[in-house]
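Engineer: The file below is target_2.pdb, PDB, C-alpha atoms:
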```
ATOM      1  CA  MET H   1       0.000   0.000   0.000
ATOM      2  CA  ALA H   2       2.807   2.412   0.870
ATOM      3  CA  LEU H   3       4.421   1.612  -2.471
ATOM      4  CA  ALA H   4       1.214   2.593  -4.273
ATOM      5  CA  LEU H   5       1.181   5.862  -2.364
ATOM      6  CA  GLU H   6       4.787   6.611  -3.254
ATOM      7  CA  LEU H   7       4.195   5.784  -6.924
ATOM      8  CA  THR H   8       1.195   8.109  -6.907
ATOM      9  CA  ALA H   9       3.325  10.879  -5.415
ATOM     10  CA  VAL H  10       5.962  10.371  -8.134
ATOM     11  CA  TRP H  11       3.305  10.453 -10.856
ATOM     12  CA  LEU H  12       1.814  13.648  -9.452
ATOM     13  CA  LEU H  13       5.266  15.179  -9.372
ATOM     14  CA  LEU H  14       5.654  14.425 -13.077
ATOM     15  CA  THR H  15       2.356  16.131 -13.905
ATOM     16  CA  LEU H  16       3.541  19.061 -11.815
ATOM     17  CA  LEU H  17       6.741  19.324 -13.853
ATOM     18  CA  LEU H  18       4.644  19.306 -17.035
ATOM     19  CA  GLY H  19       2.798  22.275 -15.592
ATOM     20  CA  LEU H  20       6.131  24.100 -15.369
ATOM     21  CA  VAL H  21       6.574  23.696 -19.120
ATOM     22  CA  ARG H  22       3.256  25.431 -19.630
ATOM     23  CA  ILE H  23       4.437  28.291 -17.421
ATOM     24  CA  TRP H  24       7.583  28.678 -19.484
ATOM     25  CA  GLN H  25       5.875  28.773 -22.866
ATOM     26  CA  GLY H  26       2.390  29.989 -21.930
ATOM     27  CA  PRO H  27       1.640  32.742 -24.500
ATOM     28  CA  LYS H  28      -0.784  34.744 -22.379
ATOM     29  CA  PRO H  29      -0.503  35.621 -18.670
ATOM     30  CA  GLY H  30      -3.785  33.777 -18.147
ATOM     31  CA  ASP H  31      -2.074  30.497 -19.011
ATOM     32  CA  ARG H  32       0.675  31.133 -16.551
ATOM     33  CA  ILE H  33      -1.678  31.700 -13.678
ATOM     34  CA  LEU H  34      -3.579  28.587 -14.766
ATOM     35  CA  ALA H  35      -0.426  26.548 -14.475
ATOM     36  CA  SER H  36       0.218  27.978 -11.041
ATOM     37  CA  GLN H  37      -3.241  26.838 -10.016
ATOM     38  CA  LEU H  38      -2.430  23.378 -11.376
ATOM     39  CA  ILE H  39       0.723  23.376  -9.262
ATOM     40  CA  GLY H  40      -1.305  24.393  -6.213
ATOM     41  CA  THR H  41      -3.809  21.580  -6.638
ATOM     42  CA  THR H  42      -1.169  18.992  -7.489
ATOM     43  CA  GLY H  43       0.941  20.142  -4.561
ATOM     44  CA  VAL H  44      -1.964  19.613  -2.196
ATOM     45  CA  ALA H  45      -2.502  16.121  -3.624
ATOM     46  CA  ILE H  46       1.186  15.235  -3.245
ATOM     47  CA  LEU H  47       1.210  16.448   0.348
ATOM     48  CA  LEU H  48      -1.884  14.431   1.210
ATOM     49  CA  VAL H  49      -0.432  11.289  -0.349
ATOM     50  CA  LEU H  50       2.892  11.698   1.438
ATOM     51  CA  ALA H  51       1.140  12.432   4.718
ATOM     52  CA  SER H  52      -0.371   8.938   4.539
ATOM     53  CA  ALA H  53       2.660   7.234   3.018
ATOM     54  CA  GLN H  54       5.051   8.427   5.741
ATOM     55  CA  GLN H  55       2.525   8.681   8.584
ATOM     56  CA  MET H  56       3.290  12.379   9.122
ATOM     57  CA  PRO H  57       0.003  14.103  10.119
ATOM     58  CA  PRO H  58       1.542  17.635  10.045
ATOM     59  CA  LEU H  59       1.795  17.328   6.249
ATOM     60  CA  ARG H  60      -1.981  17.572   6.049
ATOM     61  CA  ASP H  61      -1.856  21.003   7.693
ATOM     62  CA  VAL H  62       0.780  22.019   5.151
ATOM     63  CA  ALA H  63      -1.581  20.892   2.382
ATOM     64  CA  LEU H  64      -4.352  23.008   3.855
ATOM     65  CA  VAL H  65      -2.134  26.097   3.976
ATOM     66  CA  LEU H  66      -0.932  25.502   0.410
ATOM     67  CA  ALA H  67      -4.527  25.221  -0.783
ATOM     68  CA  LEU H  68      -5.296  28.620   0.730
ATOM     69  CA  LEU H  69      -2.137  30.335  -0.494
ATOM     70  CA  ALA H  70      -2.733  29.177  -4.068
ATOM     71  CA  VAL H  71      -5.922  31.221  -4.064
ATOM     72  CA  LEU H  72      -4.094  34.308  -2.838
ATOM     73  CA  ALA H  73      -1.628  34.024  -5.708
ATOM     74  CA  THR H  74      -4.447  33.886  -8.217
ATOM     75  CA  VAL H  75      -6.302  36.800  -6.642
ATOM     76  CA  ALA H  76      -3.133  38.901  -6.515
ATOM     77  CA  PHE H  77      -2.453  38.172 -10.153
ATOM     78  CA  VAL H  78      -5.954  38.957 -11.345
ATOM     79  CA  THR H  79      -6.338  42.217  -9.443
ATOM     80  CA  ARG H  80      -2.974  43.418 -10.755
ATOM     81  CA  GLU H  81      -3.601  42.142 -14.254
ATOM     82  CA  VAL H  82      -7.081  43.541 -14.779
ATOM     83  CA  ARG H  83      -7.185  46.387 -12.247
ATOM     84  CA  LEU H  84     -10.333  44.761 -10.750
ATOM     85  CA  ASP H  85      -9.993  46.897  -7.644
ATOM     86  CA  LYS H  86     -10.190  50.162  -9.561
ATOM     87  CA  GLU H  87     -12.773  48.927 -12.070
ATOM     88  CA  THR H  88     -15.433  51.658 -12.249
ATOM     89  CA  GLY H  89     -17.468  51.489 -15.473
ATOM     90  CA  ASP H  90     -17.479  48.345 -17.617
ATOM     91  CA  ASP H  91     -15.016  49.748 -20.153
TER      92      ASP H  91
ATOM     93  CA  MET G   1      -9.633  -6.229   8.621
ATOM     94  CA  THR G   2     -11.080  -6.867   5.168
ATOM     95  CA  ASP G   3      -8.276  -7.519   2.677
ATOM     96  CA  TRP G   4     -10.073  -6.001  -0.294
ATOM     97  CA  LEU G   5      -9.700  -2.481   1.101
ATOM     98  CA  PRO G   6      -6.124  -1.860  -0.154
ATOM     99  CA  TRP G   7      -7.215  -2.845  -3.644
ATOM    100  CA  VAL G   8     -10.082  -0.368  -3.567
ATOM    101  CA  GLN G   9      -7.657   2.311  -2.389
ATOM    102  CA  ILE G  10      -5.203   1.501  -5.153
ATOM    103  CA  THR G  11      -7.859   1.644  -7.874
ATOM    104  CA  LEU G  12      -9.051   5.001  -6.519
ATOM    105  CA  LEU G  13      -5.464   6.272  -6.458
ATOM    106  CA  VAL G  14      -4.920   5.151 -10.051
ATOM    107  CA  ALA G  15      -8.158   6.847 -11.089
ATOM    108  CA  GLY G  16      -7.054  10.024  -9.308
ATOM    109  CA  CYS G  17      -3.700   9.966 -11.088
ATOM    110  CA  PHE G  18      -5.466   9.400 -14.410
ATOM    111  CA  PHE G  19      -7.592  12.486 -13.934
ATOM    112  CA  PHE G  20      -4.583  14.566 -12.932
ATOM    113  CA  ALA G  21      -2.825  13.424 -16.100
ATOM    114  CA  VAL G  22      -5.892  14.323 -18.157
ATOM    115  CA  GLY G  23      -5.962  17.741 -16.526
ATOM    116  CA  THR G  24      -2.341  18.408 -17.352
ATOM    117  CA  LEU G  25      -2.827  17.046 -20.866
ATOM    118  CA  GLY G  26      -5.779  19.388 -21.276
ATOM    119  CA  LEU G  27      -3.511  22.243 -20.274
ATOM    120  CA  PHE G  28      -1.378  21.515 -23.331
ATOM    121  CA  ARG G  29      -3.818  20.264 -25.946
ATOM    122  CA  LEU G  30      -6.411  23.016 -25.664
ATOM    123  CA  SER G  31      -5.579  26.260 -27.366
ATOM    124  CA  GLU G  32      -7.822  28.869 -25.722
ATOM    125  CA  THR G  33      -7.125  30.025 -22.168
ATOM    126  CA  ARG G  34     -10.726  29.558 -21.165
ATOM    127  CA  ASP G  35     -10.862  26.016 -22.527
ATOM    128  CA  ARG G  36      -7.805  25.212 -20.485
ATOM    129  CA  LEU G  37      -9.353  26.813 -17.446
ATOM    130  CA  HIS G  38     -12.512  24.804 -17.977
ATOM    131  CA  ALA G  39     -10.675  21.514 -18.270
ATOM    132  CA  LEU G  40      -8.099  22.140 -15.589
ATOM    133  CA  THR G  41     -10.341  23.216 -12.749
ATOM    134  CA  LYS G  42     -12.872  20.450 -13.055
ATOM    135  CA  VAL G  43     -10.491  17.592 -13.704
ATOM    136  CA  ASP G  44      -7.984  18.462 -11.009
ATOM    137  CA  ASN G  45     -10.663  18.730  -8.387
ATOM    138  CA  LEU G  46     -12.044  15.361  -9.396
ATOM    139  CA  GLY G  47      -8.563  13.851  -9.225
ATOM    140  CA  LEU G  48      -8.006  15.345  -5.797
ATOM    141  CA  GLY G  49     -11.401  14.081  -4.650
ATOM    142  CA  LEU G  50     -10.587  10.539  -5.757
ATOM    143  CA  ILE G  51      -7.203  10.645  -4.037
ATOM    144  CA  ALA G  52      -8.809  12.049  -0.879
ATOM    145  CA  VAL G  53     -11.356   9.228  -0.812
ATOM    146  CA  ALA G  54      -8.557   6.736  -1.426
ATOM    147  CA  LEU G  55      -6.660   8.113   1.563
ATOM    148  CA  LEU G  56      -9.613   8.184   3.943
ATOM    149  CA  PRO G  57      -9.369   4.539   5.137
ATOM    150  CA  SER G  58      -5.671   4.826   5.908
ATOM    151  CA  ALA G  59      -6.095   7.953   8.015
ATOM    152  CA  PRO G  60      -5.006   7.074  11.596
ATOM    153  CA  THR G  61      -7.806   8.893  13.419
ATOM    154  CA  ILE G  62     -11.272  10.150  12.526
ATOM    155  CA  GLY G  63      -9.970  13.700  12.953
ATOM    156  CA  ASP G  64      -7.400  13.176  10.195
ATOM    157  CA  ALA G  65     -10.029  11.720   7.877
ATOM    158  CA  LEU G  66     -12.247  14.736   8.464
ATOM    159  CA  LYS G  67      -9.256  16.980   7.833
ATOM    160  CA  ILE G  68      -8.687  15.347   4.440
ATOM    161  CA  VAL G  69     -12.314  15.976   3.510
ATOM    162  CA  LEU G  70     -11.999  19.566   4.750
ATOM    163  CA  ILE G  71      -8.895  20.093   2.591
ATOM    164  CA  TRP G  72     -10.751  18.799  -0.445
ATOM    165  CA  LEU G  73     -13.686  21.134   0.203
ATOM    166  CA  VAL G  74     -11.338  24.099   0.653
ATOM    167  CA  VAL G  75      -9.606  23.304  -2.628
ATOM    168  CA  LEU G  76     -12.991  22.947  -4.359
ATOM    169  CA  ALA G  77     -14.129  26.360  -3.168
ATOM    170  CA  ALA G  78     -10.714  27.911  -3.800
ATOM    171  CA  SER G  79     -10.376  26.728  -7.373
ATOM    172  CA  ALA G  80     -13.978  27.617  -8.172
ATOM    173  CA  THR G  81     -13.445  31.223  -7.152
ATOM    174  CA  SER G  82     -10.049  31.500  -8.799
ATOM    175  CA  ALA G  83     -11.458  29.977 -11.988
ATOM    176  CA  HIS G  84     -14.027  32.769 -12.146
ATOM    177  CA  LEU G  85     -11.327  35.362 -11.531
ATOM    178  CA  ILE G  86      -9.063  33.952 -14.215
ATOM    179  CA  ALA G  87     -11.946  33.822 -16.670
ATOM    180  CA  ARG G  88     -12.612  37.470 -15.998
ATOM    181  CA  ALA G  89      -8.931  38.321 -16.365
ATOM    182  CA  ALA G  90      -8.644  36.315 -19.576
ATOM    183  CA  GLY G  91     -11.781  37.982 -20.909
ATOM    184  CA  HIS G  92     -10.646  41.485 -19.917
ATOM    185  CA  SER G  93      -7.135  41.427 -21.259
ATOM    186  CA  GLY G  94      -8.921  41.037 -24.564
ATOM    187  CA  ASP G  95      -7.070  38.616 -26.759
ATOM    188  CA  GLY G  96      -8.703  40.361 -29.688
ATOM    189  CA  GLU G  97     -10.383  37.649 -31.637
ATOM    190  CA  GLU G  98     -13.254  37.006 -29.264
ATOM    191  CA  PRO G  99     -16.045  39.562 -28.571
TER     192      PRO G  99
END
```
Please express what this file holds, its structure, as structure tokens.

Structural biologist:
Amino acid sequence: MALALELTAVWLLLTLLLGLVRIWQGPKPGDRILASQLIGTTGVAILLVLASAQQMPPLRDVALVLALLAVLATVAFVTREVRLDKETGDD
Amino acid sequence: MTDWLPWVQITLLVAGCFFFAVGTLGLFRLSETRDRLHALTKVDNLGLGLIAVALLPSAPTIGDALKIVLIWLVVLAASATSAHLIARAAGHSGDGEEP
């Protein structure tokens, strides 16, 4: 069972690395922030899997914090990108 | 305890990995930002949900199992809101060819 968990973690890590490629070549900023969201979700999954594989409960709290911080990154990007905070009329 | 449980967990884990792979593949195959957003958000959450369910039986205490479910719900809500924000950002920056 632990082997299956470790293999899952390795597989998730590979998908995460693929996400990096998208960040590098993503034409539009929207793609880059998408890839960062992918990394957030995959990171949470990896942490959960490792928390069970190595019997380290604190990793689950790390996953929770990562899940929350990924949202902040997206919000920061969008407000800077589109000036949502200063959006008055629908130009 | 029942010996079929690890096999159920493994199949769920494999399904979760499959959906993560599909999500990442979608990130590359689809051309439009919004299509990618559409594919990525849904599929990754499903993959995470499957992995969370796979991990539930091996959680040492009930509290940990509830924490896994909580994490999944937080990620669901988080990616739903950020998906809307990204869609708005992608729409606003106006990539020209769409109205």

Engineer: Using all atoms listed in the file, I'd like every residue of chain H that has an atom within 7 Å of chain G; please write them out as a PyMOL selection string.

Structural biologist: chain H and resi 1+4+8+12+15+19+30-31+34+41+45+52+64+67+71+74-75+78+81-82

Engineer: Leaving out Gly43 of chain H and any residue of its chain fewer than 3 positions from it, which residues lie within 12 Å of it when counting all atoms listed in the file, given as a ChimeraX atom specification?

Structural biologist: /H:9-17,19,35-40,46-50,59-60,62-70 /G:20,44,48,75

Engineer: Take atom CA of Thr42 of chain H and atom CA of His38 of chain G and report the distance between them in Å, one decimal.

Structural biologist: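 Separation between atom CA of Thr42 of chain H and atom CA of His38 of chain G: 16.5 Å.
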
Engineer: In Å, how far is it from atom CA of Leu3 of chain H to atom CA of Leu73 of chain G?

Structural biologist: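 Between atom CA of Leu3 of chain H and atom CA of Leu73 of chain G the gap works out to 26.8 Å.
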
Engineer: Atom CA of Lys28 of chain H and atom CA of Ala76 of chain H are how many Å apart?

Structural biologist: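 Here the two named atoms are 16.6 Å from each other.
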
Engineer: Return the single residue from G:Val53, G:Ile62, G:Asp35, G:His84 that is closest to Val8 of chain G, with distances computed using all atoms listed in the file.

Structural biologist: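 Using all atoms listed in the file, Val8 of chain G sits closest to G:Val53.
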
Engineer: Around all listed atoms of segment 12-26 of chain H, padded 8 Å per side, what centre and edge lengths does the axis-aligned box have in Å to one decimal, as AutoDock Vina command-line options?

Structural biologist:
```
--center_x 4.7 --center_y 21.8 --center_z -16.1 --size_x 21.8 --size_y 32.3 --size_z 29.5
```
